[in-house]
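Source file: my_file_23.cif (mmCIF, C-alpha atoms)
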data_input
loop_
_atom_site.group_PDB
_atom_site.id
_atom_site.type_symbol
_atom_site.label_atom_id
_atom_site.label_comp_id
_atom_site.auth_asym_id
_atom_site.auth_seq_id
_atom_site.Cartn_x
_atom_site.Cartn_y
_atom_site.Cartn_z
ATOM 1 C CA MET A 1 -30.764 -138.920 -214.577
ATOM 2 C CA SER A 2 -28.723 -138.137 -217.654
ATOM 3 C CA GLU A 3 -30.165 -135.980 -220.400
ATOM 4 C CA ASP A 4 -30.539 -139.036 -222.668
ATOM 5 C CA THR A 5 -32.380 -141.007 -219.979
ATOM 6 C CA ASP A 6 -34.610 -138.029 -219.249
ATOM 7 C CA ARG A 7 -35.434 -137.554 -222.926
ATOM 8 C CA HIS A 8 -36.170 -141.285 -223.312
ATOM 9 C CA ALA A 9 -38.523 -141.272 -220.295
ATOM 10 C CA MET A 10 -40.449 -138.278 -221.675
ATOM 11 C CA LYS A 11 -40.688 -139.887 -225.114
ATOM 12 C CA MET A 12 -42.013 -143.150 -223.631
ATOM 13 C CA ALA A 13 -44.516 -141.268 -221.432
ATOM 14 C CA LYS A 14 -45.898 -139.547 -224.543
ATOM 15 C CA LYS A 15 -46.107 -142.903 -226.364
ATOM 16 C CA LYS A 16 -47.909 -144.466 -223.405
ATOM 17 C CA ALA A 17 -50.432 -141.606 -223.241
ATOM 18 C CA ALA A 18 -51.110 -141.901 -226.985
ATOM 19 C CA ARG A 19 -51.426 -145.678 -226.717
ATOM 20 C CA ASP A 20 -53.757 -145.456 -223.721
ATOM 21 C CA LYS A 21 -55.957 -143.008 -225.622
ATOM 22 C CA ILE A 22 -56.183 -145.407 -228.583
ATOM 23 C CA MET A 23 -56.859 -148.413 -226.333
ATOM 24 C CA ALA A 24 -59.702 -146.560 -224.580
ATOM 25 C CA THR A 25 -61.592 -146.553 -227.900
ATOM 26 C CA LYS A 26 -61.197 -150.339 -228.409
ATOM 27 C CA THR A 27 -64.048 -151.863 -226.456
ATOM 28 C CA ASP A 28 -65.602 -154.389 -228.823
ATOM 29 C CA LYS A 29 -64.963 -158.123 -228.690
ATOM 30 C CA LYS A 30 -65.840 -160.598 -231.422
ATOM 31 C CA GLY A 31 -64.872 -163.966 -232.732
ATOM 32 C CA LEU A 32 -62.292 -163.411 -235.442
ATOM 33 C CA ILE A 33 -61.742 -164.997 -238.837
ATOM 34 C CA ILE A 34 -57.958 -165.372 -238.940
ATOM 35 C CA VAL A 35 -55.951 -166.348 -242.033
ATOM 36 C CA HIS A 36 -52.302 -167.443 -242.050
ATOM 37 C CA THR A 37 -50.966 -167.671 -245.597
ATOM 38 C CA GLY A 38 -47.828 -167.068 -247.656
ATOM 39 C CA LYS A 39 -44.812 -169.082 -248.797
ATOM 40 C CA GLY A 40 -42.893 -168.735 -245.538
ATOM 41 C CA LYS A 41 -42.740 -171.311 -242.769
ATOM 42 C CA GLY A 42 -44.779 -170.826 -239.617
ATOM 43 C CA LYS A 43 -48.426 -170.710 -240.681
ATOM 44 C CA SER A 44 -49.553 -173.814 -238.816
ATOM 45 C CA SER A 45 -46.988 -173.278 -236.046
ATOM 46 C CA ALA A 46 -48.438 -169.840 -235.257
ATOM 47 C CA ALA A 47 -51.977 -171.211 -235.386
ATOM 48 C CA PHE A 48 -51.108 -174.017 -232.988
ATOM 49 C CA GLY A 49 -49.597 -171.400 -230.691
ATOM 50 C CA MET A 50 -53.084 -169.878 -230.417
ATOM 51 C CA ILE A 51 -54.634 -173.312 -229.848
ATOM 52 C CA PHE A 52 -52.197 -173.923 -226.990
ATOM 53 C CA ARG A 53 -53.115 -170.536 -225.527
ATOM 54 C CA CYS A 54 -56.767 -171.616 -225.555
ATOM 55 C CA ILE A 55 -55.830 -174.889 -223.874
ATOM 56 C CA ALA A 56 -53.831 -172.983 -221.230
ATOM 57 C CA HIS A 57 -56.916 -170.848 -220.497
ATOM 58 C CA ASP A 58 -59.107 -173.980 -220.365
ATOM 59 C CA MET A 59 -61.081 -172.742 -223.381
ATOM 60 C CA LYS A 60 -62.641 -175.480 -225.484
ATOM 61 C CA CYS A 61 -61.171 -175.586 -228.974
ATOM 62 C CA ALA A 62 -60.776 -177.924 -231.928
ATOM 63 C CA VAL A 63 -58.468 -178.724 -234.834
ATOM 64 C CA VAL A 64 -59.292 -180.151 -238.241
ATOM 65 C CA GLN A 65 -56.295 -181.051 -240.398
ATOM 66 C CA PHE A 66 -57.216 -181.028 -244.071
ATOM 67 C CA ILE A 67 -53.960 -182.259 -245.598
ATOM 68 C CA LYS A 68 -51.303 -183.403 -243.134
ATOM 69 C CA GLY A 69 -52.784 -186.805 -242.364
ATOM 70 C CA GLY A 70 -49.914 -188.884 -243.638
ATOM 71 C CA MET A 71 -47.506 -188.257 -240.775
ATOM 72 C CA SER A 72 -47.428 -187.896 -237.014
ATOM 73 C CA THR A 73 -46.818 -184.402 -235.650
ATOM 74 C CA GLY A 74 -45.795 -183.185 -232.211
ATOM 75 C CA GLU A 75 -48.855 -180.944 -231.922
ATOM 76 C CA ARG A 76 -51.290 -183.746 -232.679
ATOM 77 C CA ASP A 77 -49.565 -186.239 -230.381
ATOM 78 C CA LEU A 78 -49.464 -183.753 -227.497
ATOM 79 C CA ILE A 79 -53.074 -182.616 -227.858
ATOM 80 C CA ILE A 80 -54.501 -186.118 -228.257
ATOM 81 C CA GLY A 81 -52.286 -187.497 -225.489
ATOM 82 C CA LYS A 82 -52.727 -184.770 -222.875
ATOM 83 C CA PHE A 83 -55.473 -182.298 -223.784
ATOM 84 C CA SER A 84 -58.227 -184.202 -225.587
ATOM 85 C CA ASP A 85 -60.702 -183.134 -222.889
ATOM 86 C CA VAL A 86 -60.244 -179.485 -223.948
ATOM 87 C CA CYS A 87 -59.325 -179.791 -227.639
ATOM 88 C CA GLU A 88 -60.868 -182.118 -230.200
ATOM 89 C CA PHE A 89 -58.388 -183.133 -232.903
ATOM 90 C CA HIS A 90 -59.451 -184.524 -236.271
ATOM 91 C CA THR A 91 -56.932 -185.533 -238.903
ATOM 92 C CA MET A 92 -59.009 -185.848 -242.055
ATOM 93 C CA GLY A 93 -56.444 -185.659 -244.841
ATOM 94 C CA GLU A 94 -54.239 -188.461 -246.087
ATOM 95 C CA GLY A 95 -51.143 -186.458 -246.940
ATOM 96 C CA PHE A 96 -50.258 -183.828 -249.478
ATOM 97 C CA THR A 97 -52.021 -183.987 -252.821
ATOM 98 C CA TRP A 98 -48.883 -185.008 -254.705
ATOM 99 C CA GLU A 99 -48.570 -188.010 -252.382
ATOM 100 C CA THR A 100 -52.122 -189.321 -252.780
ATOM 101 C CA GLN A 101 -52.336 -188.680 -256.554
ATOM 102 C CA ASP A 102 -56.047 -189.439 -256.418
ATOM 103 C CA LYS A 103 -58.172 -186.329 -257.001
ATOM 104 C CA SER A 104 -61.550 -187.920 -256.338
ATOM 105 C CA ARG A 105 -60.271 -189.342 -253.037
ATOM 106 C CA ASP A 106 -58.766 -185.955 -252.097
ATOM 107 C CA ILE A 107 -62.104 -184.238 -252.807
ATOM 108 C CA GLU A 108 -63.937 -186.849 -250.743
ATOM 109 C CA MET A 109 -61.565 -186.371 -247.792
ATOM 110 C CA ALA A 110 -61.639 -182.557 -248.027
ATOM 111 C CA THR A 111 -65.441 -182.596 -248.136
ATOM 112 C CA ALA A 112 -65.559 -184.810 -245.034
ATOM 113 C CA ALA A 113 -63.097 -182.475 -243.286
ATOM 114 C CA TRP A 114 -65.217 -179.448 -244.166
ATOM 115 C CA GLU A 115 -68.366 -181.148 -242.814
ATOM 116 C CA LYS A 116 -66.527 -181.886 -239.547
ATOM 117 C CA ALA A 117 -65.234 -178.298 -239.455
ATOM 118 C CA LYS A 118 -68.762 -176.892 -239.839
ATOM 119 C CA GLU A 119 -70.017 -179.122 -237.032
ATOM 120 C CA LEU A 120 -67.237 -177.933 -234.707
ATOM 121 C CA ILE A 121 -67.638 -174.257 -235.623
ATOM 122 C CA ARG A 122 -71.410 -174.380 -235.062
ATOM 123 C CA ASP A 123 -70.835 -175.574 -231.485
ATOM 124 C CA PRO A 124 -70.597 -172.378 -229.398
ATOM 125 C CA GLU A 125 -68.671 -174.298 -226.727
ATOM 126 C CA ASN A 126 -65.657 -174.228 -229.056
ATOM 127 C CA LYS A 127 -63.995 -170.846 -228.623
ATOM 128 C CA MET A 128 -61.460 -171.470 -231.415
ATOM 129 C CA VAL A 129 -61.421 -173.867 -234.364
ATOM 130 C CA LEU A 130 -58.267 -174.315 -236.420
ATOM 131 C CA LEU A 131 -58.728 -175.431 -240.039
ATOM 132 C CA ASP A 132 -55.164 -176.466 -240.771
ATOM 133 C CA GLU A 133 -54.168 -176.341 -244.460
ATOM 134 C CA ILE A 134 -57.722 -175.661 -245.624
ATOM 135 C CA ASN A 135 -56.311 -173.092 -248.067
ATOM 136 C CA ILE A 136 -54.648 -175.939 -249.974
ATOM 137 C CA ALA A 137 -57.986 -177.741 -250.320
ATOM 138 C CA ILE A 138 -59.626 -174.497 -251.456
ATOM 139 C CA ARG A 139 -56.813 -173.734 -253.899
ATOM 140 C CA TYR A 140 -57.316 -177.068 -255.684
ATOM 141 C CA ASP A 141 -61.096 -176.512 -255.730
ATOM 142 C CA TYR A 142 -61.765 -179.471 -253.447
ATOM 143 C CA ILE A 143 -63.881 -177.033 -251.423
ATOM 144 C CA ASP A 144 -65.621 -173.935 -252.809
ATOM 145 C CA VAL A 145 -64.199 -170.741 -251.284
ATOM 146 C CA ASN A 146 -67.565 -168.992 -251.626
ATOM 147 C CA GLU A 147 -69.226 -171.720 -249.568
ATOM 148 C CA VAL A 148 -66.546 -171.361 -246.873
ATOM 149 C CA VAL A 149 -66.920 -167.575 -246.724
ATOM 150 C CA ALA A 150 -70.726 -167.725 -246.717
ATOM 151 C CA PHE A 151 -70.701 -170.263 -243.885
ATOM 152 C CA LEU A 152 -68.270 -168.244 -241.763
ATOM 153 C CA GLN A 153 -70.290 -165.069 -242.278
ATOM 154 C CA SER A 154 -73.691 -166.606 -241.604
ATOM 155 C CA GLU A 155 -73.214 -169.530 -239.212
ATOM 156 C CA LYS A 156 -70.085 -168.916 -237.139
ATOM 157 C CA PRO A 157 -71.118 -168.068 -233.565
ATOM 158 C CA GLU A 158 -70.380 -164.459 -232.689
ATOM 159 C CA MET A 159 -67.587 -165.188 -230.194
ATOM 160 C CA THR A 160 -65.915 -168.120 -231.960
ATOM 161 C CA HIS A 161 -62.492 -167.620 -233.532
ATOM 162 C CA VAL A 162 -61.735 -169.579 -236.712
ATOM 163 C CA VAL A 163 -58.155 -169.878 -237.968
ATOM 164 C CA LEU A 164 -57.510 -170.951 -241.569
ATOM 165 C CA THR A 165 -53.980 -171.832 -242.668
ATOM 166 C CA GLY A 166 -52.164 -172.705 -245.879
ATOM 167 C CA ARG A 167 -50.485 -171.057 -248.845
ATOM 168 C CA ASN A 168 -52.320 -169.131 -251.536
ATOM 169 C CA ALA A 169 -55.363 -168.020 -249.569
ATOM 170 C CA LYS A 170 -58.035 -166.919 -252.031
ATOM 171 C CA ASP A 171 -58.894 -163.241 -252.296
ATOM 172 C CA GLU A 172 -62.483 -163.878 -251.210
ATOM 173 C CA LEU A 173 -61.270 -165.396 -247.928
ATOM 174 C CA ILE A 174 -58.743 -162.606 -247.329
ATOM 175 C CA GLU A 175 -61.490 -160.031 -247.902
ATOM 176 C CA ALA A 176 -63.800 -161.752 -245.395
ATOM 177 C CA ALA A 177 -61.121 -162.190 -242.709
ATOM 178 C CA ASP A 178 -60.561 -159.915 -239.721
ATOM 179 C CA LEU A 179 -56.861 -160.734 -239.378
ATOM 180 C CA VAL A 180 -54.569 -161.873 -242.190
ATOM 181 C CA THR A 181 -50.873 -162.644 -241.843
ATOM 182 C CA GLU A 182 -48.693 -163.494 -244.821
ATOM 183 C CA MET A 183 -45.564 -165.436 -243.924
ATOM 184 C CA GLU A 184 -42.773 -164.255 -246.207
ATOM 185 C CA LEU A 185 -40.039 -166.685 -247.189
ATOM 186 C CA VAL A 186 -36.615 -165.097 -246.769
ATOM 187 C CA LYS A 187 -34.484 -168.222 -246.366
ATOM 188 C CA HIS A 188 -35.295 -171.909 -245.888
ATOM 189 C CA PRO A 189 -32.948 -174.844 -245.125
ATOM 190 C CA PHE A 190 -34.750 -177.078 -247.647
ATOM 191 C CA ARG A 191 -33.025 -175.080 -250.403
ATOM 192 C CA SER A 192 -29.684 -176.133 -248.919
ATOM 193 C CA GLY A 193 -30.636 -179.802 -248.992
ATOM 194 C CA ILE A 194 -31.851 -180.051 -245.382
ATOM 195 C CA LYS A 195 -35.078 -182.017 -244.995
ATOM 196 C CA ALA A 196 -37.919 -181.331 -242.518
ATOM 197 C CA GLN A 197 -36.746 -181.955 -238.974
ATOM 198 C CA ILE A 198 -38.503 -183.126 -235.847
ATOM 199 C CA GLY A 199 -39.267 -180.295 -233.451
ATOM 200 C CA VAL A 200 -38.989 -177.687 -236.215
ATOM 201 C CA GLU A 201 -41.432 -178.828 -238.904
ATOM 202 C CA PHE A 202 -43.413 -181.543 -237.116
#

Could you spell out this file's structure in structure tokens?
Amino acid sequence: MSEDTDRHAMKMAKKKAARDKIMATKTDKKGLIIVHTGKGKGKSSAAFGMIFRCIAHDMKCAVVQFIKGGMSTGERDLIIGKFSDVCEFHTMGEGFTWETQDKSRDIEMATAAWEKAKELIRDPENKMVLLDEINIAIRYDYIDVNEVVAFLQSEKPEMTHVVLTGRNAKDELIEAADLVTEMELVKHPFRSGIKAQIGVEF
């Protein structure tokens, strides 16, 4: 072995020993409150990645879409078409708020979505529940963030994961969450005049 290779191997062995020591202290398991927020693309995509992991492990899960009801998406079509026995899928919204332009209707739909979400979260058979774009509904005060946080803290089964997506997550939700990821926008094709494309956005 060359000196560089030798040095690299020793460095990696030290890293592994340190990592193993840290991992030995991590024994707890719990259902997580997970928030995907920020202006960057990928919040729902990452959340659906976790849903598909659950499906692959034959873990019961569920999705409630709060906003994106106005259009077909690949995730919804695939889950409903092939995996409805493992994953319940409920599209409760009727499109983005600027498309509906009817606040009372939006509140009614968001409230119905939240009631369905609570029902699914309460069921301990569901190991993960994705609340897609709920942060939008909370941001516009269609749903009270304090009610959402209180419910998750008091009624979510201990081993159930709940994933909440959408821009502008409220501070109260971020504080209550176990895992928060903020997607940062660096560059987006929409700014260059390229619209949402199949397979990338939906």

Per-residue nearest contacts of region 19-71 of chain A to region 105-116 of chain A (8 Å; all atoms listed in the file) as CSV:
residue,atom,partner,partner_atom,distance
A:Val64,CA,A:Ala113,CA,6.7
A:Gln65,CA,A:Ala113,CA,7.5
A:Phe66,CA,A:Ala113,CA,6.1

How many Å separate CA of Ile51 (chain A) from CA of Val86 (chain A)?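 Taking CA of Ile51 (chain A) as the start and CA of Val86 (chain A) as the end point, the length is 10.2 Å.
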
Atom pair CA of Gln153 (chain A) / CA of Ile80 (chain A): separation (Å):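 Straight-line distance from CA of Gln153 (chain A) to CA of Ile80 (chain A) works out to 29.8 Å.
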
Which of A:Asp178, A:Gly166, A:Lys60, A:Pro157 sits closest to Thr37 (chain A) [using only C-alpha atoms]: A:Gly166

So what does the PyMOL selection byres ((chain A and resi 159-165) around 10) actually pick up in this one, as a ChimeraX atom specification? /A:29-38,42-48,50-51,61-66,117,121-136,152,156-158,166-169,173,177,179-181

Enter the distance from CA of Phe83 (chain A) to CA of Phe151 (chain A), in Å, rounded to one decimal.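 These two atoms are separated by 27.9 Å.
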
Missing atoms in region 126-146 of chain A should be modelled up to N, CA and C atoms and reported as a PDB file, in the frame of the given file.
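Once everything was written out, this is result.pdb:
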ATOM      1  N   ASN A 126     -67.013-174.354-228.503  1.00  0.00           N
ATOM      2  CA  ASN A 126     -65.657-174.228-229.056  1.00  0.00           C
ATOM      3  C   ASN A 126     -65.332-172.760-229.272  1.00  0.00           C
ATOM      4  N   LYS A 127     -64.363-172.266-228.538  1.00  0.00           N
ATOM      5  CA  LYS A 127     -63.995-170.846-228.623  1.00  0.00           C
ATOM      6  C   LYS A 127     -63.033-170.576-229.774  1.00  0.00           C
ATOM      7  N   MET A 128     -62.334-171.602-230.239  1.00  0.00           N
ATOM      8  CA  MET A 128     -61.460-171.470-231.415  1.00  0.00           C
ATOM      9  C   MET A 128     -61.459-172.783-232.170  1.00  0.00           C
ATOM     10  N   VAL A 129     -61.524-172.681-233.500  1.00  0.00           N
ATOM     11  CA  VAL A 129     -61.421-173.867-234.364  1.00  0.00           C
ATOM     12  C   VAL A 129     -60.349-173.577-235.407  1.00  0.00           C
ATOM     13  N   LEU A 130     -59.365-174.437-235.456  1.00  0.00           N
ATOM     14  CA  LEU A 130     -58.267-174.315-236.420  1.00  0.00           C
ATOM     15  C   LEU A 130     -58.535-175.241-237.597  1.00  0.00           C
ATOM     16  N   LEU A 131     -58.566-174.661-238.802  1.00  0.00           N
ATOM     17  CA  LEU A 131     -58.728-175.431-240.039  1.00  0.00           C
ATOM     18  C   LEU A 131     -57.360-175.434-240.720  1.00  0.00           C
ATOM     19  N   ASP A 132     -56.561-176.427-240.356  1.00  0.00           N
ATOM     20  CA  ASP A 132     -55.164-176.466-240.771  1.00  0.00           C
ATOM     21  C   ASP A 132     -55.036-176.924-242.223  1.00  0.00           C
ATOM     22  N   GLU A 133     -54.409-176.090-243.033  1.00  0.00           N
ATOM     23  CA  GLU A 133     -54.168-176.341-244.460  1.00  0.00           C
ATOM     24  C   GLU A 133     -55.441-176.351-245.307  1.00  0.00           C
ATOM     25  N   ILE A 134     -56.501-175.735-244.812  1.00  0.00           N
ATOM     26  CA  ILE A 134     -57.722-175.661-245.624  1.00  0.00           C
ATOM     27  C   ILE A 134     -57.486-174.865-246.904  1.00  0.00           C
ATOM     28  N   ASN A 135     -56.566-173.899-246.864  1.00  0.00           N
ATOM     29  CA  ASN A 135     -56.311-173.092-248.067  1.00  0.00           C
ATOM     30  C   ASN A 135     -55.803-173.935-249.226  1.00  0.00           C
ATOM     31  N   ILE A 136     -55.115-175.024-248.920  1.00  0.00           N
ATOM     32  CA  ILE A 136     -54.648-175.939-249.974  1.00  0.00           C
ATOM     33  C   ILE A 136     -55.852-176.605-250.638  1.00  0.00           C
ATOM     34  N   ALA A 137     -56.779-177.084-249.794  1.00  0.00           N
ATOM     35  CA  ALA A 137     -57.986-177.741-250.320  1.00  0.00           C
ATOM     36  C   ALA A 137     -58.828-176.765-251.145  1.00  0.00           C
ATOM     37  N   ILE A 138     -58.879-175.510-250.704  1.00  0.00           N
ATOM     38  CA  ILE A 138     -59.626-174.497-251.456  1.00  0.00           C
ATOM     39  C   ILE A 138     -58.908-174.179-252.765  1.00  0.00           C
ATOM     40  N   ARG A 139     -57.594-174.079-252.703  1.00  0.00           N
ATOM     41  CA  ARG A 139     -56.813-173.734-253.899  1.00  0.00           C
ATOM     42  C   ARG A 139     -57.034-174.737-255.028  1.00  0.00           C
ATOM     43  N   TYR A 140     -57.121-176.027-254.672  1.00  0.00           N
ATOM     44  CA  TYR A 140     -57.316-177.068-255.684  1.00  0.00           C
ATOM     45  C   TYR A 140     -58.789-177.304-256.004  1.00  0.00           C
ATOM     46  N   ASP A 141     -59.654-176.429-255.482  1.00  0.00           N
ATOM     47  CA  ASP A 141     -61.096-176.512-255.730  1.00  0.00           C
ATOM     48  C   ASP A 141     -61.723-177.797-255.192  1.00  0.00           C
ATOM     49  N   TYR A 142     -61.131-178.343-254.125  1.00  0.00           N
ATOM     50  CA  TYR A 142     -61.765-179.471-253.447  1.00  0.00           C
ATOM     51  C   TYR A 142     -62.935-178.962-252.608  1.00  0.00           C
ATOM     52  N   ILE A 143     -62.825-177.710-252.174  1.00  0.00           N
ATOM     53  CA  ILE A 143     -63.881-177.033-251.423  1.00  0.00           C
ATOM     54  C   ILE A 143     -64.064-175.670-252.080  1.00  0.00           C
ATOM     55  N   ASP A 144     -65.310-175.218-252.177  1.00  0.00           N
ATOM     56  CA  ASP A 144     -65.621-173.935-252.809  1.00  0.00           C
ATOM     57  C   ASP A 144     -65.381-172.795-251.820  1.00  0.00           C
ATOM     58  N   VAL A 145     -64.519-171.858-252.174  1.00  0.00           N
ATOM     59  CA  VAL A 145     -64.199-170.741-251.284  1.00  0.00           C
ATOM     60  C   VAL A 145     -65.444-169.925-250.944  1.00  0.00           C
ATOM     61  N   ASN A 146     -66.355-169.771-251.889  1.00  0.00           N
ATOM     62  CA  ASN A 146     -67.565-168.992-251.626  1.00  0.00           C
ATOM     63  C   ASN A 146     -68.452-169.660-250.580  1.00  0.00           C
TER      64      ASN A 146
END
